[in-house]
$ cat target-v4.pdb   # PDB, C-alpha atoms, pLDDT in the B column
ATOM      1  CA  MET A   1      63.849-157.266  34.454  1.00 40.00           C
ATOM      2  CA  SER A   2      67.018-155.601  35.720  1.00 40.00           C
ATOM      3  CA  GLY A   3      67.684-154.155  39.134  1.00 42.00           C
ATOM      4  CA  THR A   4      67.047-150.620  37.880  1.00 42.00           C
ATOM      5  CA  ASP A   5      64.903-151.278  34.782  1.00 43.00           C
ATOM      6  CA  THR A   6      66.974-148.875  32.713  1.00 42.00           C
ATOM      7  CA  ALA A   7      68.517-149.448  29.308  1.00 42.00           C
ATOM      8  CA  PRO A   8      71.763-147.756  28.177  1.00 41.00           C
ATOM      9  CA  GLY A   9      71.142-144.189  27.091  1.00 40.00           C
ATOM     10  CA  ARG A  10      67.670-143.964  28.667  1.00 42.00           C
ATOM     11  CA  SER A  11      66.683-141.724  31.569  1.00 42.00           C
ATOM     12  CA  ARG A  12      66.325-143.491  34.863  1.00 51.00           C
ATOM     13  CA  ARG A  13      62.957-141.810  35.323  1.00 60.00           C
ATOM     14  CA  SER A  14      61.595-142.419  31.851  1.00 77.00           C
ATOM     15  CA  PRO A  15      58.035-141.331  31.013  1.00 82.00           C
ATOM     16  CA  ASP A  16      57.241-144.881  29.865  1.00 89.00           C
ATOM     17  CA  LYS A  17      58.159-146.351  33.241  1.00 92.00           C
ATOM     18  CA  ARG A  18      56.228-143.653  35.066  1.00 93.00           C
ATOM     19  CA  ARG A  19      53.122-144.309  32.961  1.00 93.00           C
ATOM     20  CA  ALA A  20      53.445-148.065  33.493  1.00 95.00           C
ATOM     21  CA  ILE A  21      53.687-147.582  37.268  1.00 96.00           C
ATOM     22  CA  LEU A  22      50.655-145.296  37.364  1.00 95.00           C
ATOM     23  CA  ASP A  23      48.606-147.749  35.278  1.00 94.00           C
ATOM     24  CA  GLY A  24      49.666-150.745  37.349  1.00 95.00           C
ATOM     25  CA  ALA A  25      49.025-148.874  40.594  1.00 96.00           C
ATOM     26  CA  ARG A  26      45.562-147.740  39.488  1.00 94.00           C
ATOM     27  CA  VAL A  27      44.529-151.313  38.725  1.00 94.00           C
ATOM     28  CA  THR A  28      46.014-152.590  41.980  1.00 96.00           C
ATOM     29  CA  PHE A  29      44.561-149.869  44.206  1.00 95.00           C
ATOM     30  CA  ALA A  30      41.169-150.307  42.515  1.00 93.00           C
ATOM     31  CA  ARG A  31      41.237-154.024  43.234  1.00 94.00           C
ATOM     32  CA  GLU A  32      42.808-154.103  46.702  1.00 94.00           C
ATOM     33  CA  GLY A  33      42.415-150.622  48.151  1.00 92.00           C
ATOM     34  CA  TYR A  34      45.146-148.425  49.566  1.00 91.00           C
ATOM     35  CA  THR A  35      45.797-150.319  52.805  1.00 90.00           C
ATOM     36  CA  ARG A  36      46.075-153.818  51.322  1.00 93.00           C
ATOM     37  CA  ALA A  37      47.936-152.946  48.127  1.00 95.00           C
ATOM     38  CA  SER A  38      51.650-153.662  48.513  1.00 96.00           C
ATOM     39  CA  ILE A  39      54.542-152.056  46.701  1.00 96.00           C
ATOM     40  CA  ASP A  40      55.636-155.513  45.492  1.00 97.00           C
ATOM     41  CA  THR A  41      52.205-156.161  43.957  1.00 97.00           C
ATOM     42  CA  ILE A  42      52.108-152.753  42.284  1.00 97.00           C
ATOM     43  CA  ALA A  43      55.632-153.199  40.893  1.00 96.00           C
ATOM     44  CA  ALA A  44      54.685-156.607  39.495  1.00 96.00           C
ATOM     45  CA  ALA A  45      51.553-155.175  37.859  1.00 96.00           C
ATOM     46  CA  ALA A  46      53.664-152.429  36.262  1.00 96.00           C
ATOM     47  CA  ASP A  47      56.438-154.880  35.281  1.00 95.00           C
ATOM     48  CA  VAL A  48      59.104-152.797  37.008  1.00 95.00           C
ATOM     49  CA  SER A  49      61.367-153.330  39.999  1.00 95.00           C
ATOM     50  CA  THR A  50      60.475-151.926  43.394  1.00 95.00           C
ATOM     51  CA  ARG A  51      63.613-149.792  43.168  1.00 95.00           C
ATOM     52  CA  THR A  52      62.282-148.159  39.991  1.00 95.00           C
ATOM     53  CA  LEU A  53      58.958-147.524  41.677  1.00 95.00           C
ATOM     54  CA  TYR A  54      60.631-145.845  44.645  1.00 95.00           C
ATOM     55  CA  ASN A  55      62.869-143.817  42.304  1.00 94.00           C
ATOM     56  CA  HIS A  56      59.801-142.378  40.598  1.00 94.00           C
ATOM     57  CA  PHE A  57      57.416-141.879  43.515  1.00 94.00           C
ATOM     58  CA  GLY A  58      59.242-142.229  46.827  1.00 93.00           C
ATOM     59  CA  ASP A  59      56.598-144.133  48.778  1.00 92.00           C
ATOM     60  CA  LYS A  60      53.123-145.653  48.539  1.00 92.00           C
ATOM     61  CA  ALA A  61      51.342-142.559  49.850  1.00 89.00           C
ATOM     62  CA  ARG A  62      52.888-140.338  47.193  1.00 91.00           C
ATOM     63  CA  LEU A  63      52.142-142.914  44.501  1.00 94.00           C
ATOM     64  CA  PHE A  64      48.508-143.150  45.583  1.00 93.00           C
ATOM     65  CA  GLU A  65      48.148-139.362  45.471  1.00 91.00           C
ATOM     66  CA  GLU A  66      49.587-139.282  41.947  1.00 93.00           C
ATOM     67  CA  VAL A  67      47.331-142.128  40.814  1.00 94.00           C
ATOM     68  CA  ILE A  68      44.095-140.617  42.070  1.00 93.00           C
ATOM     69  CA  GLN A  69      44.961-137.149  40.749  1.00 93.00           C
ATOM     70  CA  SER A  70      45.935-138.349  37.284  1.00 93.00           C
ATOM     71  CA  SER A  71      42.939-140.677  37.079  1.00 94.00           C
ATOM     72  CA  ALA A  72      40.518-138.010  38.310  1.00 95.00           C
ATOM     73  CA  THR A  73      41.954-135.493  35.851  1.00 96.00           C
ATOM     74  CA  GLU A  74      41.456-137.877  32.928  1.00 95.00           C
ATOM     75  CA  VAL A  75      37.837-138.533  33.883  1.00 96.00           C
ATOM     76  CA  ALA A  76      37.178-134.847  34.590  1.00 97.00           C
ATOM     77  CA  GLU A  77      38.430-133.822  31.153  1.00 97.00           C
ATOM     78  CA  SER A  78      36.074-136.317  29.529  1.00 97.00           C
ATOM     79  CA  GLN A  79      33.137-135.103  31.615  1.00 98.00           C
ATOM     80  CA  ILE A  80      33.895-131.441  30.968  1.00 98.00           C
ATOM     81  CA  ALA A  81      33.994-132.154  27.229  1.00 98.00           C
ATOM     82  CA  LEU A  82      30.561-133.756  27.604  1.00 98.00           C
ATOM     83  CA  ILE A  83      29.245-130.661  29.431  1.00 98.00           C
ATOM     84  CA  GLU A  84      30.610-128.413  26.688  1.00 98.00           C
ATOM     85  CA  ALA A  85      29.107-130.564  23.941  1.00 98.00           C
ATOM     86  CA  HIS A  86      25.588-130.472  25.385  1.00 98.00           C
ATOM     87  CA  LEU A  87      25.410-127.198  27.316  1.00 98.00           C
ATOM     88  CA  GLY A  88      27.894-124.980  25.497  1.00 96.00           C
ATOM     89  CA  GLU A  89      25.556-123.556  22.873  1.00 93.00           C
ATOM     90  CA  VAL A  90      21.936-124.023  23.899  1.00 97.00           C
ATOM     91  CA  THR A  91      18.912-122.977  21.881  1.00 94.00           C
ATOM     92  CA  ASP A  92      16.336-125.394  23.342  1.00 97.00           C
ATOM     93  CA  VAL A  93      16.964-125.777  27.068  1.00 98.00           C
ATOM     94  CA  GLU A  94      14.730-128.835  27.511  1.00 98.00           C
ATOM     95  CA  SER A  95      16.397-130.873  24.769  1.00 98.00           C
ATOM     96  CA  ALA A  96      19.836-129.700  25.928  1.00 98.00           C
ATOM     97  CA  ILE A  97      19.279-130.772  29.530  1.00 98.00           C
ATOM     98  CA  ILE A  98      17.790-134.114  28.476  1.00 98.00           C
ATOM     99  CA  GLY A  99      20.636-134.707  26.017  1.00 98.00           C
ATOM    100  CA  PHE A 100      23.184-133.916  28.691  1.00 98.00           C
ATOM    101  CA  ALA A 101      21.459-136.189  31.216  1.00 98.00           C
ATOM    102  CA  CYS A 102      21.414-139.139  28.815  1.00 98.00           C
ATOM    103  CA  ALA A 103      25.097-138.692  27.991  1.00 97.00           C
ATOM    104  CA  TRP A 104      26.047-138.158  31.652  1.00 97.00           C
ATOM    105  CA  ALA A 105      24.243-141.295  32.789  1.00 96.00           C
ATOM    106  CA  ARG A 106      25.665-143.563  30.092  1.00 94.00           C
ATOM    107  CA  PRO A 107      27.990-146.192  31.618  1.00 89.00           C
ATOM    108  CA  THR A 108      31.687-145.623  30.891  1.00 90.00           C
ATOM    109  CA  PRO A 109      33.509-148.966  30.945  1.00 88.00           C
ATOM    110  CA  GLU A 110      36.707-147.206  29.840  1.00 91.00           C
ATOM    111  CA  PHE A 111      36.820-145.619  33.306  1.00 92.00           C
ATOM    112  CA  ALA A 112      35.897-148.751  35.258  1.00 89.00           C
ATOM    113  CA  ASP A 113      39.219-148.806  37.148  1.00 90.00           C
ATOM    114  CA  HIS A 114      38.780-145.183  38.187  1.00 91.00           C
ATOM    115  CA  PHE A 115      35.323-145.684  39.638  1.00 90.00           C
ATOM    116  CA  ALA A 116      36.428-148.875  41.380  1.00 90.00           C
ATOM    117  CA  LEU A 117      39.240-146.792  42.883  1.00 92.00           C
ATOM    118  CA  VAL A 118      36.708-144.199  44.053  1.00 91.00           C
ATOM    119  CA  GLN A 119      34.730-146.952  45.783  1.00 89.00           C
ATOM    120  CA  GLN A 120      37.902-148.042  47.568  1.00 90.00           C
ATOM    121  CA  ILE A 121      38.549-144.455  48.670  1.00 90.00           C
ATOM    122  CA  ARG A 122      35.078-144.203  50.159  1.00 89.00           C
ATOM    123  CA  ALA A 123      35.581-147.486  52.003  1.00 90.00           C
ATOM    124  CA  GLU A 124      38.962-146.422  53.407  1.00 90.00           C
ATOM    125  CA  VAL A 125      38.382-142.705  53.853  1.00 88.00           C
ATOM    126  CA  GLY A 126      39.428-142.807  57.515  1.00 87.00           C
ATOM    127  CA  HIS A 127      42.837-144.231  56.588  1.00 85.00           C
ATOM    128  CA  LEU A 128      43.732-141.672  53.902  1.00 86.00           C
ATOM    129  CA  PRO A 129      45.477-138.331  54.432  1.00 84.00           C
ATOM    130  CA  PRO A 130      43.053-135.380  54.122  1.00 88.00           C
ATOM    131  CA  ALA A 131      45.443-133.719  51.657  1.00 85.00           C
ATOM    132  CA  VAL A 132      45.128-136.708  49.320  1.00 87.00           C
ATOM    133  CA  LEU A 133      41.334-136.622  49.497  1.00 90.00           C
ATOM    134  CA  ASN A 134      41.288-132.882  48.845  1.00 91.00           C
ATOM    135  CA  ALA A 135      43.631-133.228  45.876  1.00 88.00           C
ATOM    136  CA  TRP A 136      41.364-135.897  44.369  1.00 91.00           C
ATOM    137  CA  GLN A 137      38.271-133.734  44.845  1.00 94.00           C
ATOM    138  CA  GLU A 138      39.933-130.686  43.307  1.00 95.00           C
ATOM    139  CA  ALA A 139      41.289-132.614  40.321  1.00 94.00           C
ATOM    140  CA  GLY A 140      37.993-134.351  39.607  1.00 96.00           C
ATOM    141  CA  PRO A 141      34.558-133.926  41.217  1.00 96.00           C
ATOM    142  CA  ARG A 142      34.836-130.274  42.304  1.00 96.00           C
ATOM    143  CA  ARG A 143      36.356-129.207  39.019  1.00 97.00           C
ATOM    144  CA  VAL A 144      33.559-130.876  37.055  1.00 98.00           C
ATOM    145  CA  ARG A 145      30.826-129.515  39.293  1.00 98.00           C
ATOM    146  CA  ARG A 146      32.163-125.996  38.964  1.00 98.00           C
ATOM    147  CA  GLU A 147      32.093-126.270  35.183  1.00 98.00           C
ATOM    148  CA  LEU A 148      28.549-127.655  35.186  1.00 98.00           C
ATOM    149  CA  ALA A 149      27.504-124.900  37.603  1.00 98.00           C
ATOM    150  CA  ARG A 150      29.033-122.282  35.308  1.00 98.00           C
ATOM    151  CA  ARG A 151      27.028-123.560  32.349  1.00 98.00           C
ATOM    152  CA  LEU A 152      23.796-123.641  34.330  1.00 98.00           C
ATOM    153  CA  GLU A 153      24.430-120.113  35.554  1.00 98.00           C
ATOM    154  CA  GLU A 154      24.872-118.983  31.951  1.00 98.00           C
ATOM    155  CA  LEU A 155      21.501-120.518  31.088  1.00 98.00           C
ATOM    156  CA  ALA A 156      19.966-118.721  34.054  1.00 98.00           C
ATOM    157  CA  ASP A 157      21.494-115.420  32.914  1.00 97.00           C
ATOM    158  CA  ARG A 158      19.781-115.950  29.561  1.00 96.00           C
ATOM    159  CA  GLY A 159      16.453-116.510  31.309  1.00 97.00           C
ATOM    160  CA  LEU A 160      16.262-120.190  30.358  1.00 97.00           C
ATOM    161  CA  LEU A 161      16.521-121.537  33.926  1.00 98.00           C
ATOM    162  CA  ARG A 162      15.834-120.323  37.462  1.00 97.00           C
ATOM    163  CA  VAL A 163      19.047-120.930  39.409  1.00 98.00           C
ATOM    164  CA  ALA A 164      19.643-119.338  42.803  1.00 97.00           C
ATOM    165  CA  ASP A 165      22.652-121.536  43.686  1.00 98.00           C
ATOM    166  CA  PRO A 166      24.522-122.805  40.590  1.00 98.00           C
ATOM    167  CA  GLU A 167      26.622-125.393  42.431  1.00 97.00           C
ATOM    168  CA  ARG A 168      23.575-126.863  44.124  1.00 98.00           C
ATOM    169  CA  ALA A 169      21.772-126.940  40.789  1.00 98.00           C
ATOM    170  CA  ALA A 170      24.762-128.747  39.269  1.00 98.00           C
ATOM    171  CA  PHE A 171      24.638-131.338  42.034  1.00 98.00           C
ATOM    172  CA  HIS A 172      20.909-131.832  41.515  1.00 98.00           C
ATOM    173  CA  LEU A 173      21.237-132.250  37.736  1.00 98.00           C
ATOM    174  CA  ALA A 174      24.160-134.681  37.914  1.00 98.00           C
ATOM    175  CA  THR A 175      22.463-136.732  40.623  1.00 97.00           C
ATOM    176  CA  LEU A 176      19.034-136.828  39.010  1.00 98.00           C
ATOM    177  CA  ALA A 177      20.537-137.769  35.655  1.00 97.00           C
ATOM    178  CA  ALA A 178      22.625-140.696  36.847  1.00 96.00           C
ATOM    179  CA  ALA A 179      21.464-141.985  40.234  1.00 94.00           C
ATOM    180  CA  GLU A 180      18.753-144.346  39.014  1.00 94.00           C
ATOM    181  CA  VAL A 181      20.948-145.689  36.215  1.00 94.00           C
ATOM    182  CA  GLU A 182      23.775-146.340  38.680  1.00 90.00           C
ATOM    183  CA  SER A 183      21.403-148.101  41.073  1.00 90.00           C
ATOM    184  CA  ARG A 184      20.310-150.446  38.282  1.00 88.00           C
ATOM    185  CA  ASN A 185      23.728-150.878  36.655  1.00 80.00           C
ATOM    186  CA  TYR A 186      25.954-150.644  39.751  1.00 69.00           C
ATOM    187  CA  ARG A 187      28.964-149.342  37.796  1.00 61.00           C
ATOM    188  CA  GLY A 188      28.816-152.042  35.150  1.00 60.00           C
ATOM    189  CA  VAL A 189      28.037-155.063  37.319  1.00 67.00           C
ATOM    190  CA  PHE A 190      24.554-155.511  35.874  1.00 77.00           C
ATOM    191  CA  PRO A 191      23.904-154.917  32.161  1.00 85.00           C
ATOM    192  CA  ILE A 192      21.566-152.095  31.198  1.00 90.00           C
ATOM    193  CA  SER A 193      20.375-151.253  27.706  1.00 93.00           C
ATOM    194  CA  ASP A 194      20.906-147.901  26.022  1.00 94.00           C
ATOM    195  CA  ALA A 195      17.128-147.519  25.851  1.00 96.00           C
ATOM    196  CA  ASP A 196      16.788-148.007  29.605  1.00 96.00           C
ATOM    197  CA  VAL A 197      19.606-145.528  30.266  1.00 96.00           C
ATOM    198  CA  ALA A 198      17.885-142.938  28.093  1.00 97.00           C
ATOM    199  CA  ASP A 199      14.510-143.555  29.739  1.00 97.00           C
ATOM    200  CA  LEU A 200      15.860-143.265  33.296  1.00 97.00           C
ATOM    201  CA  ALA A 201      18.074-140.273  32.569  1.00 98.00           C
ATOM    202  CA  THR A 202      15.265-138.461  30.766  1.00 98.00           C
ATOM    203  CA  ALA A 203      12.984-138.969  33.760  1.00 98.00           C
ATOM    204  CA  GLY A 204      15.652-137.476  36.027  1.00 98.00           C
ATOM    205  CA  ALA A 205      16.171-134.542  33.663  1.00 98.00           C
ATOM    206  CA  ARG A 206      12.454-133.799  33.639  1.00 98.00           C
ATOM    207  CA  VAL A 207      12.434-133.682  37.448  1.00 98.00           C
ATOM    208  CA  PHE A 208      15.305-131.182  37.280  1.00 98.00           C
ATOM    209  CA  LEU A 209      13.474-129.086  34.691  1.00 98.00           C
ATOM    210  CA  HIS A 210      10.324-129.119  36.807  1.00 97.00           C
ATOM    211  CA  GLY A 211      12.250-127.430  39.595  1.00 97.00           C
ATOM    212  CA  TYR A 212      14.551-125.172  37.572  1.00 98.00           C
ATOM    213  CA  ALA A 213      12.953-124.303  34.215  1.00 95.00           C
ATOM    214  CA  HIS A 214      10.916-121.144  33.689  1.00 82.00           C
TER     215      HIS A 214
END
$ encode --input "target-v4.pdb" --output "structure tokens"
Amino acid sequence: MSGTDTAPGRSRRSPDKRRAILDGARVTFAREGYTRASIDTIAAAADVSTRTLYNHFGDKARLFEEVIQSSATEVAESQIALIEAHLGEVTDVESAIIGFACAWARPTPEFADHFALVQQIRAEVGHLPPAVLNAWQEAGPRRVRRELARRLEELADRGLLRVADPERAAFHLATLAAAEVESRNYRGVFPISDADVADLATAGARVFLHGYAH
């Protein structure tokens, strides 16, 4: 590894290096949290020099903001695709809501680092800049909730649901679908079968339908 990690003819701020830093930082922040994670540890995880890291991101705070935004965006795009797949074209509202709930509650090991990072954020919320927290929320959770709310409002406009507050309804559906699964599975710590996920998520969906279906 050279002092600048650049090869002849390659940009000093190459996309490959940037991606490697973001990936290494996500793993490190997820494991150690923002306060304990050091630039040296992050650089080692990314297999770059600290100088390269600073060239790309300036400081740890900026790097953390980039990591949480990019990670939240990736997860949000996956979740929005799931919403579209199950609630985009609905003919049977009960089966659509149950299908969505089962898909929403299914554990996602491919995003394990992201959700570990979210747990670290919650533990260190008092030590993080409000702007960073807001950027994370806008890139991920708020964006997803707005899309789910929009789909529920469309169903209400068609007379398939009773929805006075779409964003509150979105919160209720997402929570009822996944909360019991997460309490049993604890983000992948304890195994849970697909059948149990479906059973728990279906029960949550039926509670939602009891309150919101015509």
$ closest_atom_pairs --input "target-v4.pdb" --of "range 60-178 of chain A" --to "range 197-202 of chain A" --cutoff "10 Å" --atoms "all atoms listed in the file" --output "CSV"
residue,atom,partner,partner_atom,distance
A:Ser95,CA,A:Thr202,CA,9.7
A:Ile97,CA,A:Thr202,CA,8.8
A:Ile98,CA,A:Thr202,CA,5.5
A:Gly99,CA,A:Thr202,CA,8.1
A:Phe100,CA,A:Ala201,CA,9.0
A:Ala101,CA,A:Ala201,CA,5.5
A:Cys102,CA,A:Ala201,CA,5.2
A:Ala103,CA,A:Ala198,CA,8.4
A:Trp104,CA,A:Ala201,CA,8.3
A:Ala105,CA,A:Ala201,CA,6.3
A:Arg106,CA,A:Val197,CA,6.4
A:Pro107,CA,A:Val197,CA,8.5
A:Ala174,CA,A:Ala201,CA,9.8
A:Thr175,CA,A:Ala201,CA,9.8
A:Leu176,CA,A:Ala201,CA,7.4
A:Ala177,CA,A:Ala201,CA,4.7
A:Ala178,CA,A:Ala201,CA,6.3
$ residues_around --input "target-v4.pdb" --residues "range 25-35 of chain A" --least-positions-apart "3" --cutoff "10 Å" --atoms "all atoms listed in the file" --output "number ranges by chain"
A: 19-22, 38-39, 41-46, 60-61, 63-64, 66-68, 70-71, 112-125, 127-128
$ residues_around --input "target-v4.pdb" --residues "range 131-148 of chain A" --least-positions-apart "2" --cutoff "6 Å" --atoms "only C-alpha atoms" --output "JSON, numbers by chain"
{"A": [65, 68, 69, 72, 73, 76, 129, 150, 151, 170]}
$ axis_aligned_box --input "target-v4.pdb" --around "range 61-72 of chain A" --padding-each-side "3 Å" --output "lines of an AutoDock Vina configuration file"
center_x = 46.7
center_y = -140.1
center_z = 43.5
size_x = 18.4
size_y = 12.0
size_z = 18.8
$ closest_residue --input "target-v4.pdb" --among "A:Leu152, A:Asp194, A:Leu209, A:Ser183" --to "Gly88 in chain A" --atoms "all atoms listed in the file"
A:Leu152
$ build_atoms --input "target-v4.pdb" --residues "range 193-212 of chain A" --atoms "N, CA and C atoms" --output "PDB file, keeping the file's coordinate frame"
ATOM      1  N   SER A 193      20.440-151.615  29.114  1.00 93.00           N
ATOM      2  CA  SER A 193      20.375-151.253  27.706  1.00 93.00           C
ATOM      3  C   SER A 193      20.461-149.748  27.527  1.00 93.00           C
ATOM      4  N   ASP A 194      20.860-149.330  26.330  1.00 94.00           N
ATOM      5  CA  ASP A 194      20.906-147.901  26.022  1.00 94.00           C
ATOM      6  C   ASP A 194      19.525-147.279  26.148  1.00 94.00           C
ATOM      7  N   ALA A 195      18.498-148.039  25.766  1.00 96.00           N
ATOM      8  CA  ALA A 195      17.128-147.519  25.851  1.00 96.00           C
ATOM      9  C   ALA A 195      16.731-147.277  27.304  1.00 96.00           C
ATOM     10  N   ASP A 196      17.115-148.187  28.188  1.00 96.00           N
ATOM     11  CA  ASP A 196      16.788-148.007  29.605  1.00 96.00           C
ATOM     12  C   ASP A 196      17.563-146.830  30.199  1.00 96.00           C
ATOM     13  N   VAL A 197      18.820-146.678  29.801  1.00 96.00           N
ATOM     14  CA  VAL A 197      19.606-145.528  30.266  1.00 96.00           C
ATOM     15  C   VAL A 197      18.926-144.233  29.852  1.00 96.00           C
ATOM     16  N   ALA A 198      18.530-144.151  28.592  1.00 97.00           N
ATOM     17  CA  ALA A 198      17.885-142.938  28.093  1.00 97.00           C
ATOM     18  C   ALA A 198      16.579-142.664  28.819  1.00 97.00           C
ATOM     19  N   ASP A 199      15.805-143.722  29.062  1.00 97.00           N
ATOM     20  CA  ASP A 199      14.510-143.555  29.739  1.00 97.00           C
ATOM     21  C   ASP A 199      14.703-143.051  31.172  1.00 97.00           C
ATOM     22  N   LEU A 200      15.632-143.649  31.901  1.00 97.00           N
ATOM     23  CA  LEU A 200      15.860-143.265  33.296  1.00 97.00           C
ATOM     24  C   LEU A 200      16.469-141.873  33.401  1.00 97.00           C
ATOM     25  N   ALA A 201      17.429-141.587  32.526  1.00 98.00           N
ATOM     26  CA  ALA A 201      18.074-140.273  32.569  1.00 98.00           C
ATOM     27  C   ALA A 201      17.104-139.170  32.154  1.00 98.00           C
ATOM     28  N   THR A 202      16.262-139.450  31.192  1.00 98.00           N
ATOM     29  CA  THR A 202      15.265-138.461  30.766  1.00 98.00           C
ATOM     30  C   THR A 202      14.291-138.155  31.896  1.00 98.00           C
ATOM     31  N   ALA A 203      13.878-139.189  32.619  1.00 98.00           N
ATOM     32  CA  ALA A 203      12.984-138.969  33.760  1.00 98.00           C
ATOM     33  C   ALA A 203      13.647-138.071  34.801  1.00 98.00           C
ATOM     34  N   GLY A 204      14.932-138.314  35.083  1.00 98.00           N
ATOM     35  CA  GLY A 204      15.652-137.476  36.027  1.00 98.00           C
ATOM     36  C   GLY A 204      15.779-136.047  35.532  1.00 98.00           C
ATOM     37  N   ALA A 205      16.050-135.880  34.235  1.00 98.00           N
ATOM     38  CA  ALA A 205      16.171-134.542  33.663  1.00 98.00           C
ATOM     39  C   ALA A 205      14.854-133.782  33.756  1.00 98.00           C
ATOM     40  N   ARG A 206      13.757-134.474  33.565  1.00 98.00           N
ATOM     41  CA  ARG A 206      12.454-133.799  33.639  1.00 98.00           C
ATOM     42  C   ARG A 206      12.149-133.352  35.078  1.00 98.00           C
ATOM     43  N   VAL A 207      12.587-134.119  36.059  1.00 98.00           N
ATOM     44  CA  VAL A 207      12.434-133.682  37.448  1.00 98.00           C
ATOM     45  C   VAL A 207      13.244-132.407  37.674  1.00 98.00           C
ATOM     46  N   PHE A 208      14.477-132.379  37.159  1.00 98.00           N
ATOM     47  CA  PHE A 208      15.305-131.182  37.280  1.00 98.00           C
ATOM     48  C   PHE A 208      14.626-129.986  36.620  1.00 98.00           C
ATOM     49  N   LEU A 209      14.130-130.178  35.414  1.00 98.00           N
ATOM     50  CA  LEU A 209      13.474-129.086  34.691  1.00 98.00           C
ATOM     51  C   LEU A 209      12.223-128.605  35.406  1.00 98.00           C
ATOM     52  N   HIS A 210      11.517-129.505  36.043  1.00 97.00           N
ATOM     53  CA  HIS A 210      10.324-129.119  36.807  1.00 97.00           C
ATOM     54  C   HIS A 210      10.680-128.128  37.907  1.00 97.00           C
ATOM     55  N   GLY A 211      11.847-128.314  38.511  1.00 97.00           N
ATOM     56  CA  GLY A 211      12.250-127.430  39.595  1.00 97.00           C
ATOM     57  C   GLY A 211      12.990-126.194  39.145  1.00 97.00           C
ATOM     58  N   TYR A 212      13.657-126.248  37.965  1.00 98.00           N
ATOM     59  CA  TYR A 212      14.551-125.172  37.572  1.00 98.00           C
ATOM     60  C   TYR A 212      14.171-124.418  36.287  1.00 98.00           C
TER      61      TYR A 212
END
